[in-house]
Every structure is written in C-alpha cells, then in structure tokens.
Amino acid sequence: MDLLSQFVRYRVGIILGLTIIVASALVPGFFGLTTLSLGLDRASTIGLIAIGLTVLLIAGQIDLSVGSVFALSGIVAVTLQPSLGLGPAAVVGVLAGAACGAFNALLSVVFKVNALVATLATMLIFRSIAHWLTDSQPVAGTDIMFSITLAKIYLNLFTVRSAMFLVGIVLLHIWLTRAVAGRNLFAVGSSAPAAEASGISVGWTMAAGFIFASTMAGVAGVLQSLATNTGSPVFGSELTVMVIAAVVVGGTRLEGGRGSALGTLGGVLTIASLTTAMEFSSVPAYFQQVVAGFILILLVVLDRTVKPRTRAHSAGAPAP
Amino acid sequence: MRGITKTFPGVKALSDVNFQVDYGRVHAIVGENGAGKSTLMKILSGIYLPTSGTTEIAGTEVRMRKPADAQRHGIRMVHQELNLAPDLSVAENVYLGRMPRRLGLANRAAMISGARAILSEIGATIDPAARLGDLSISQQQLVEIAKAYAASPRIIVLDEPTSSLSEHEAAALFRILGKMKAAGIAIIYISHRLKEVLDIADDVTILRDGAMIETRPAEGITAAEMIRLMVGREVANVFPKVQSEIGAPVMKVTGLGDGDSFDNVSFDVRAGEILGLTGLVGAGRTEVAKAIFGLLPVAKGTLEINGKAVTITSPAAAVEAGIVYVPEDRKGEGIVPAMSVRENISLPVLKHLSRLGYVSLKADKALAAKYAADLGIAPPDPERRINLLSGGNQQKAVLSKWLAANPSVLILDEPTRGVDVGAKAEIHRIIGELVAQGMAVVMISSELPEVLGVCDRVVVMRDGHASPPLDRAELSEERIMALATGEETA
C-alpha cells in the first residue's frame, strides 16, 4: 500500500518517464531537436486548453465544449482577417471564445445547470454554429505571413505557441500557489459552503473559471487557424477528451480542490509523447484514444483506491 | 436583533424573537433540538435572510444578505458543521477569505507565522502547514475557532464548539473565551452542555419552539431551572397512547459499538411495544439504527432476533431478518422523488410481485391501492409522483413501502419531523395499529412530548452511550433532558 501511495504521489513523473522511455525506443531520433520542438508545438494546443481546464477543474466544474470553442474561435479569426486585419481578427476570435465561456457560466452558475450537462449542450451548439458560419466547409485566410512566423522555430526549440504554453504554465504555477485568488480557487473547489461562509464569492469564482477555460480554448483555436491559415468546423473534435485526460493525468481531481500547473505540464507532455510514439508505430488514431481513455480510468481508480475520501461525518440529526 | 421571524416552507422556525448581546460578555443560548438556536445564528451571520425583523449593531440597523456582509460588520461564526476547505493548509484555512497579500500575491510566510501565533495562543499544537483534511475532527474544530478569532471580530458566535473537543481542549477554549471577553468581544455561545453554560456564561437566553422564552443573568440560574424553561410547555395530551398487548422480546441488542460514534449500547424491544430512542443531536441515535440495519459497520456487540443471534452486514440481510429502517432523511434516502407513489411502495418487494423477472402490474397496483387506502394517503392516487405529496403523506408512503415487506421490527428515525400536526397524529395512529398487530417498533425522536406520549419505554443516549430502557412511568421531559445533557447519569 505504501509503495502504491508513493506511486500515486509521483505518478505524473513516473508515467511521463515511462512514456518517454517507450517513445524514445519507438521513435527514431525522439530526442532530436526537430522532433522535440515539433512535438512540443503540437503539445501546446492541448497544453493551452489544459491550462484553462486545470483552473476550471480545481473549482470543481468541467467544460466539455472547449473543442467546439477551439474550432469556432479559429473560424471567427480567419473569416474576419480580410476585413479587420490579422491582429484585430485574432483578438475578436479570442473574445468569441470568452463569450462562449460567459454563456457556459450563465448556464452553470446563474441557472444552476449541472456543468456536465450545460457544456455538453453548448458543445453541440458551438459546433453547430461553426458549421453554420462556414457552410460546413473549411475556410482559408488571405494573409499567410503570420503562419510562417508561427511555424518558425526559435532558439532551435521553441515555436511561438510552445513558448506561450510554457510561459502560461509558469504563470499558472505562480498564480495557483501564491496568488490569493488562486488559493481561493482551491477553497471553492474543496468546499464551496466553506468558501462562501468565509466571504469568498463562489459564483464569481466559478464564472471566472468558465470564462478563462473558454478563452484559453479560443487562444489555442486562433493560433491553430493562423498557423494553418485555415478555419474548419471539424477542428478539435477529439481535443476535449485528450485535454481532460492530460489534466487528470497531471493529478487534478475531477471533483475539484486539487491540482497543479506542473502536474498539468507533465500530463500534457505524457499525452503528447504517447500520441507521437503511437503515430510513429502506425497505431491507428482511434486506438490512441482507447489508450488515453484507459489511462484516464486507471488513474481515477487508483486515486480512489489509495486515498478513499474519509470525510468524517456526524450522521446525527441536522439541527434545523 | 428585534422581532426576528423566519419561516421555511411549511414551518415557522422562529417567531418574533428579540435578542440582545453586549460587548465583553458571554451570552449563552440554550434550547432543545429544533428550538431555533442555529437558525437565529444563521440569520445573524448572514446565511439566512429573516422573513421579518431587524438587526442592529451598536445602535445602527444593518442588513446582512450574505456571510461577507456579516463579516464586514465584525461578526464571525464557528459552525457546528465544520466549514473548512479540506484540501487547503491549516494556515490558508485560518486566513480563508482575507489572506494577507504582498505584491498582489498571498503572503505565505505571513500566513504561516500568523496562524502559528494564533494557534499557540489558543493552546493548540497544530502544524500550520499541514493539510487540513489530514487533521482529526477535534483539531479541525480548533482551526475553525482560530479562523474566527484571527479575524479579530467584534461578535463571535460559537455553535456547540466543545462537542468534538476533549476536556483539556475545552478548558483551553474557555481560557481563550475569557481573553476575548476581556478584549471587549461579544461572545454568543450555543451549547447543550448546561454545566459549561453555567461555568462561562454571563447571560442566558432560552429558546423554545422558535420563540424566545427568557433572557436572564447566568448568576442564580440552575441547570434544573434551565431545563424546566427549555421544556416547559403545556403537556396537553396531543399524543394519545394506544395501549397494546406487550409480548416477548423480538429484537435484543447487546453491547453494540461501532468503535467511533457509539459504544456498548444494549436494549431490547418486545412485540407490541414502541421503544423510544432519544437524546441530543449527535448523540449517536441514528448511527445505532443504521448499524442495526446494516448501513454502517458494527465493530462489536451482538444482535438477536427472536432469540437467535444474527449478523447483519447489509440492508438486504436486515430486511431478510425482518428488520426495516425508515430513515430520517426522507428526501435523500426514503423516497425516489421522480417515481410514483405506487412505484415507491413496491420498490422493496418487486421480487415478490414479479414472475420470470417481469413485474405483474396488476399485483403492483393492488398493493399500492391497499396501502394508500389503509394509511389514508392523500390524494388517494397511487400514480401521482411522490414528491408532489405533502411531507406527511410522503412519510406515509415510505411507511407503506416498508410495511409491504412485512417486518417484525420497524425502526423509525424521526418519523414526524417536518410534518404538520394532523399528519403527525395520523402517523402515530398508524404506528399504534402496527404494534397492536404485534410488531416491535423502535422510534428515534427528538421531540420529547412525542417520546413520552407514544413510547412504552425510552432509551436516552448521550455521547454514544445509552441508558437502560426506562419505563415511561418513571420519565418526565425534565428527566430525559437531564439524562441527555449528562446532568443525571443512568
């Protein structure tokens, strides 16, 4: 049991280490700078969204619509690019993401719809809007200069996207561990009544979490569309599961109250290495999701087994 | 607080209560379960809004719509149910909602050292960096007190603060209360432990059935007098006792304990008898019932049904042995709200109503119709969704559900809580008819007139220990309160 709990504590590191060993055995030149930088760039899409979801999951909420927001924001940015210019179009794309988050917050926080149900519905709604805006066709942008900037590798390792992801992780780490609002976030996820009774606004905290998660999905979507100079209504349909898997592998608890930025970094890198390794071994794409799904289940079960929630309760009559 | 009234749907929890507390004094509030103490304090701390009435602090009227408002006015509450975030550190919990900042970030060093100073001041040896969820309940209680104290409040409310503290820890708490009092803080102290109240309170307010009975200086009042004022209602015969023939013991419990919330509980219940199980909230009554019914694990002790020892590990085994339990938490455990009355009633006996795995709708309907008529469920439509019924009628349906299983022992947990007077009498009548048919009934109740009116014998629990069954002839409300608060030991 002790060994098991040790494993659970350092599971992100252990799983990441194992994955990298397997990946380096399967992928020729895995540690080559080009492979690494491209792998990191791909991980950044998952990673940017994972930053947002880490915050939301710690608050005890969830968002299944991030994949749809990802597609929608990209389409908005690419479509507006000819009329607004690149920068403003990108900003509007991200704002569209934030608006989606505000809608999710409205449903979950104001109308008290269970977050799982609310964001399942908006997942379909946002995806349908993306199809409607584009007539279900991919749309191409006009300005390809920026996509070259995005694809360029700096310092032999970083792309704009991967640098943003890594900086984002560092900022998230500082915010979660040091900022008052970050600590309040944990209180809300750990025990919402306790947070409320301590004068923390649970509603606003959760709403901010929804908006932040969607905004990050918007950022990732806009970057993806600019990098490929394309907006497509089918982008990101498999992203949500991968992102949630990455965040949970990183030790963030689905029930809220626990999670960390460094854990999410480890989770994202694990999922990315796993995907890369499987692709190189010609494992079909659908099977990759099977593996991700099983890892997710395994970790959640381990979490339950090793740390059963021994919440002491006094089952006596509640005093009215 | 002036003219405070609070009504919940169907219940008037407080009616026109006036309450005043002075700076630098300890003001105790005492009363039975359900007298309205917690509700009053939840209004003071902004958790509930009063239906009517006003609150003034130092002569100015204040309106508190949420806990943050009350905190701004310097009111801090130490809750009976712990209000802490288990995944945060002790220090973070102490400063929850008002963490010290430096350059916009939480100042962890200041929190740790501040929490350490406060914890040592209240005499608790707790590592401020520890994760709160890893602490024992009594340590968490001390953290909760430290949290309230750290906010340097003007008014502090403590709701049963000693219920999970050892004597040594409680003594330390009283010392710190003395310090706070000297610092001019107004302290409101809610406790069932009358001895404590006499020790530390300057003033005592007695609440009963949601009304304020009296406020007077603690000096000169005795425990017996407080009990009399807490209980002292007209004992009209609202609970007519149906006398029935009492037979042989059906269920015998010996030395039952779960290693935690109750220990060494022994009693028996006979055919045709109603045995009352009473005591204060948290005394372990519900836990005993749940353990007998197989919902909670039993660590030691034996259980006999009709003279044969049985081991019960699950509710299914209990039903098999002839024991059924009607839980207190009707909404959570008693009914399936989305199902009809009929479906609820036949839930435990579907097996007997079905052939080859298919339920005979005819038998099902007949069963529901029979009980709906027998128990007088209104409206008499078994197809109605159960959550559309009134509380009393829901309770009748829950009773039907278990009667259909034809038990020999029926355990009822607060069967009349939250139901109106008419339905209450109806439920008592049904229980009376059941024992007349030779069923043995264990009834958990906090309502003393009900216990005395309906039960043949009564077991009083206190802190997980049970008195021997006492004959109703030997009992009065005063005596039960004395046993429940530890003024008298059985």
# chains A, B, ... in the order shown; residues from 1 in each chain; ligands from 1
call {"tool": "residues_around", "arguments": {"residues": "A:Ala90", "least_positions_apart": "5", "cutoff": "10 Å", "atoms": "only C-alpha atoms", "output": "short mmCIF file (atom, residue, chain, number, x, y, z; two decimals) with C-alpha atoms, in the first residue's frame"}}
result
data_model
loop_
_atom_site.label_atom_id
_atom_site.label_comp_id
_atom_site.auth_asym_id
_atom_site.auth_seq_id
_atom_site.Cartn_x
_atom_site.Cartn_y
_atom_site.Cartn_z
CA SER A 73 -12.68 30.92 -32.45
CA GLY A 74 -10.40 29.86 -35.28
CA VAL A 76 -14.04 33.74 -36.48
CA ALA A 77 -10.41 34.85 -36.67
CA VAL A 78 -9.82 33.53 -40.21
CA LEU A 80 -12.59 38.36 -40.19
CA GLN A 81 -8.96 38.55 -41.20
CA LEU A 84 -10.23 43.61 -39.92
CA GLY A 85 -6.62 42.72 -40.47
CA LEU A 95 -13.15 37.26 -27.49
CA ALA A 96 -15.57 34.91 -29.21
CA GLY A 218 -10.08 30.45 -28.05
CA VAL A 219 -6.39 31.36 -27.92
CA GLY A 221 -8.02 27.83 -31.72
CA VAL A 222 -6.96 31.17 -33.12
CA LEU A 223 -3.29 30.15 -33.09
CA SER A 225 -6.12 28.63 -37.53
CA LEU A 226 -3.44 31.23 -38.09
#
call {"tool": "interface_residues", "arguments": {"of": "chain B", "to": "chain A", "cutoff": "9 Å", "atoms": "only C-alpha atoms", "output": "PyMOL selection string"}}
result
chain B and resi 13+33-39+45-47+66-71+77+81-88+92-93+95-101+104-108+133+136-137+261+280-287+328-329+414+446
call {"tool": "residues_around", "arguments": {"residues": "A:Thr228", "least_positions_apart": "2", "cutoff": "9 Å", "atoms": "only C-alpha atoms", "output": "count of residues only"}}
result
10
call {"tool": "select_by_dssp", "arguments": {"residues": "stretch 124-195 of chain A", "states": "alpha helix (DSSP H)", "output": "number ranges by chain"}}
result
A: 124-134, 145-151, 160-178, 180-190, 192-195
call {"tool": "write_last_selection", "arguments": {"atoms": "N, CA and C atoms", "output": "compact mmCIF listing (two decimals), in the first residue's frame"}}
result
# COMPACT_ATOMS: atom_id res chain seq x y z
N LEU A 124 -22.42 21.00 -28.45
CA LEU A 124 -23.17 20.79 -29.70
C LEU A 124 -23.55 22.12 -30.34
N ILE A 125 -23.97 23.08 -29.49
CA ILE A 125 -24.41 24.37 -30.03
C ILE A 125 -23.25 25.09 -30.72
N PHE A 126 -22.11 25.19 -30.03
CA PHE A 126 -20.97 25.93 -30.60
C PHE A 126 -20.48 25.24 -31.88
N ARG A 127 -20.49 23.91 -31.86
CA ARG A 127 -20.05 23.16 -33.04
C ARG A 127 -20.99 23.44 -34.20
N SER A 128 -22.29 23.47 -33.93
CA SER A 128 -23.27 23.72 -34.99
C SER A 128 -23.11 25.13 -35.54
N ILE A 129 -22.85 26.09 -34.66
CA ILE A 129 -22.64 27.46 -35.13
C ILE A 129 -21.43 27.50 -36.07
N ALA A 130 -20.39 26.75 -35.71
CA ALA A 130 -19.20 26.71 -36.56
C ALA A 130 -19.55 26.16 -37.95
N HIS A 131 -20.37 25.12 -37.98
CA HIS A 131 -20.79 24.56 -39.27
C HIS A 131 -21.63 25.56 -40.05
N TRP A 132 -22.50 26.25 -39.33
CA TRP A 132 -23.42 27.20 -39.95
C TRP A 132 -22.65 28.37 -40.56
N LEU A 133 -21.66 28.89 -39.81
CA LEU A 133 -20.88 30.03 -40.29
C LEU A 133 -20.11 29.69 -41.55
N THR A 134 -19.71 28.44 -41.70
CA THR A 134 -18.81 28.08 -42.79
C THR A 134 -19.47 27.21 -43.85
N MET A 145 1.47 35.28 -44.08
CA MET A 145 2.75 35.67 -43.49
C MET A 145 2.83 35.24 -42.03
N PHE A 146 1.74 35.41 -41.32
CA PHE A 146 1.79 35.14 -39.89
C PHE A 146 1.95 33.66 -39.61
N SER A 147 1.42 32.84 -40.50
CA SER A 147 1.55 31.41 -40.25
C SER A 147 3.02 31.00 -40.34
N ILE A 148 3.79 31.72 -41.16
CA ILE A 148 5.23 31.42 -41.23
C ILE A 148 5.89 31.78 -39.90
N THR A 149 5.52 32.94 -39.37
CA THR A 149 6.05 33.35 -38.07
C THR A 149 5.75 32.30 -37.01
N LEU A 150 4.51 31.79 -37.07
CA LEU A 150 4.09 30.83 -36.06
C LEU A 150 4.84 29.51 -36.17
N ALA A 151 5.15 29.12 -37.41
CA ALA A 151 5.78 27.83 -37.61
C ALA A 151 7.28 27.88 -37.35
N VAL A 160 6.34 29.94 -31.35
CA VAL A 160 5.59 30.95 -30.61
C VAL A 160 4.60 30.26 -29.67
N ARG A 161 3.94 29.25 -30.22
CA ARG A 161 2.92 28.55 -29.46
C ARG A 161 3.49 27.82 -28.24
N SER A 162 4.58 27.07 -28.46
CA SER A 162 5.11 26.30 -27.33
C SER A 162 5.67 27.24 -26.27
N ALA A 163 6.23 28.39 -26.72
CA ALA A 163 6.71 29.35 -25.74
C ALA A 163 5.55 29.90 -24.92
N MET A 164 4.43 30.19 -25.60
CA MET A 164 3.26 30.68 -24.88
C MET A 164 2.77 29.67 -23.87
N PHE A 165 2.76 28.40 -24.28
CA PHE A 165 2.30 27.34 -23.38
C PHE A 165 3.19 27.27 -22.14
N LEU A 166 4.52 27.27 -22.38
CA LEU A 166 5.42 27.11 -21.23
C LEU A 166 5.35 28.32 -20.30
N VAL A 167 5.29 29.52 -20.90
CA VAL A 167 5.15 30.72 -20.06
C VAL A 167 3.82 30.65 -19.29
N GLY A 168 2.79 30.19 -19.99
CA GLY A 168 1.48 30.05 -19.35
C GLY A 168 1.53 29.12 -18.15
N ILE A 169 2.26 28.01 -18.29
CA ILE A 169 2.38 27.06 -17.18
C ILE A 169 3.06 27.73 -15.98
N VAL A 170 4.13 28.48 -16.27
CA VAL A 170 4.87 29.14 -15.18
C VAL A 170 3.94 30.14 -14.47
N LEU A 171 3.22 30.94 -15.27
CA LEU A 171 2.32 31.92 -14.66
C LEU A 171 1.21 31.24 -13.86
N LEU A 172 0.69 30.15 -14.42
CA LEU A 172 -0.36 29.41 -13.72
C LEU A 172 0.17 28.86 -12.40
N HIS A 173 1.41 28.36 -12.46
CA HIS A 173 2.01 27.81 -11.24
C HIS A 173 2.09 28.88 -10.15
N ILE A 174 2.59 30.04 -10.53
CA ILE A 174 2.72 31.12 -9.55
C ILE A 174 1.34 31.52 -9.03
N TRP A 175 0.39 31.63 -9.98
CA TRP A 175 -0.94 32.09 -9.59
C TRP A 175 -1.62 31.10 -8.64
N LEU A 176 -1.52 29.82 -8.98
CA LEU A 176 -2.20 28.81 -8.15
C LEU A 176 -1.57 28.68 -6.78
N THR A 177 -0.23 28.79 -6.72
CA THR A 177 0.42 28.54 -5.43
C THR A 177 0.52 29.81 -4.60
N ARG A 178 0.58 30.97 -5.25
CA ARG A 178 0.89 32.17 -4.50
C ARG A 178 -0.22 33.21 -4.46
N VAL A 180 -3.69 35.17 -4.03
CA VAL A 180 -4.84 34.99 -3.14
C VAL A 180 -6.01 34.38 -3.90
N ALA A 181 -6.26 34.91 -5.11
CA ALA A 181 -7.37 34.39 -5.90
C ALA A 181 -7.15 32.92 -6.23
N GLY A 182 -5.90 32.54 -6.47
CA GLY A 182 -5.58 31.14 -6.76
C GLY A 182 -5.88 30.24 -5.58
N ARG A 183 -5.50 30.71 -4.39
CA ARG A 183 -5.78 29.90 -3.20
C ARG A 183 -7.29 29.84 -2.94
N ASN A 184 -7.98 30.95 -3.20
CA ASN A 184 -9.42 30.94 -3.02
C ASN A 184 -10.08 29.94 -3.97
N LEU A 185 -9.48 29.80 -5.15
CA LEU A 185 -10.00 28.84 -6.13
C LEU A 185 -10.01 27.43 -5.54
N PHE A 186 -8.93 27.06 -4.86
CA PHE A 186 -8.86 25.74 -4.24
C PHE A 186 -9.93 25.61 -3.15
N ALA A 187 -10.14 26.68 -2.41
CA ALA A 187 -11.15 26.65 -1.34
C ALA A 187 -12.53 26.40 -1.93
N VAL A 188 -12.82 27.07 -3.06
CA VAL A 188 -14.13 26.90 -3.70
C VAL A 188 -14.31 25.46 -4.15
N GLY A 189 -13.27 24.88 -4.75
CA GLY A 189 -13.39 23.51 -5.24
C GLY A 189 -13.41 22.49 -4.11
N SER A 190 -12.72 22.81 -3.03
CA SER A 190 -12.59 21.87 -1.93
C SER A 190 -13.87 21.83 -1.11
N ALA A 192 -17.27 24.36 -1.29
CA ALA A 192 -17.94 25.60 -1.67
C ALA A 192 -18.66 26.27 -0.50
N PRO A 193 -19.36 25.50 0.37
CA PRO A 193 -20.01 26.17 1.51
C PRO A 193 -19.00 26.86 2.42
N ALA A 194 -17.85 26.21 2.65
CA ALA A 194 -16.83 26.83 3.50
C ALA A 194 -16.33 28.12 2.87
N ALA A 195 -16.12 28.10 1.56
CA ALA A 195 -15.63 29.30 0.88
C ALA A 195 -16.67 30.41 0.98
call {"tool": "atom_distance", "arguments": {"atom1": "atom CA of B:Asp127", "atom2": "atom CA of B:Val143"}}
result
10.5 Å
call {"tool": "residues_around", "arguments": {"residues": "A:Ala23", "least_positions_apart": "6", "cutoff": "10 Å", "atoms": "only C-alpha atoms", "output": "number ranges by chain"}}
result
A: 17, 29-31, 270, 273-278, 280-281
call {"tool": "write_last_selection", "arguments": {"atoms": "N, CA and C atoms", "output": "CSV table (one decimal), in the first residue's frame"}}
result
chain,number,residue,atom,x,y,z
A,17,GLY,N,8.0,9.6,-17.4
A,17,GLY,CA,9.3,9.0,-17.6
A,17,GLY,C,9.1,7.7,-18.4
A,29,GLY,N,15.2,9.1,-33.3
A,29,GLY,CA,15.5,10.5,-33.1
A,29,GLY,C,14.5,11.2,-32.3
A,30,PHE,N,13.9,10.6,-31.3
A,30,PHE,CA,12.9,11.3,-30.5
A,30,PHE,C,13.5,12.5,-29.8
A,31,PHE,N,14.8,12.3,-29.4
A,31,PHE,CA,15.4,13.4,-28.7
A,31,PHE,C,16.0,14.5,-29.6
A,270,THR,N,3.0,13.9,-21.3
A,270,THR,CA,2.7,12.5,-21.4
A,270,THR,C,1.8,12.2,-22.6
A,273,SER,N,3.7,12.8,-25.9
A,273,SER,CA,4.7,11.7,-26.2
A,273,SER,C,4.0,10.5,-26.6
A,274,LEU,N,2.9,10.1,-25.9
A,274,LEU,CA,2.2,8.9,-26.2
A,274,LEU,C,1.6,9.0,-27.6
A,275,THR,N,1.0,10.1,-28.0
A,275,THR,CA,0.5,10.3,-29.3
A,275,THR,C,1.6,10.1,-30.4
A,276,THR,N,2.7,10.9,-30.1
A,276,THR,CA,3.7,10.8,-31.1
A,276,THR,C,4.3,9.4,-31.3
A,277,ALA,N,4.5,8.7,-30.2
A,277,ALA,CA,5.0,7.4,-30.2
A,277,ALA,C,4.1,6.4,-31.0
A,278,MET,N,2.8,6.6,-30.7
A,278,MET,CA,1.8,5.7,-31.4
A,278,MET,C,1.7,6.0,-32.8
A,280,PHE,N,4.1,7.1,-34.7
A,280,PHE,CA,5.3,6.6,-35.4
A,280,PHE,C,5.2,5.1,-35.5
A,281,SER,N,4.5,4.4,-34.6
A,281,SER,CA,4.4,3.0,-34.7
A,281,SER,C,3.2,2.6,-35.5
call {"tool": "atom_distance", "arguments": {"atom1": "atom CA of B:Leu119", "atom2": "atom CA of B:Ser152"}}
result
13.8 Å
call {"tool": "residues_around", "arguments": {"residues": "A:Gly267", "least_positions_apart": "3", "cutoff": "6 Å", "atoms": "only C-alpha atoms", "output": "ChimeraX atom specification"}}
result
/A:246-247,249-250,264,270
call {"tool": "atom_distance", "arguments": {"atom1": "atom CA of B:Leu295", "atom2": "atom CA of B:Leu483"}}
result
27.4 Å
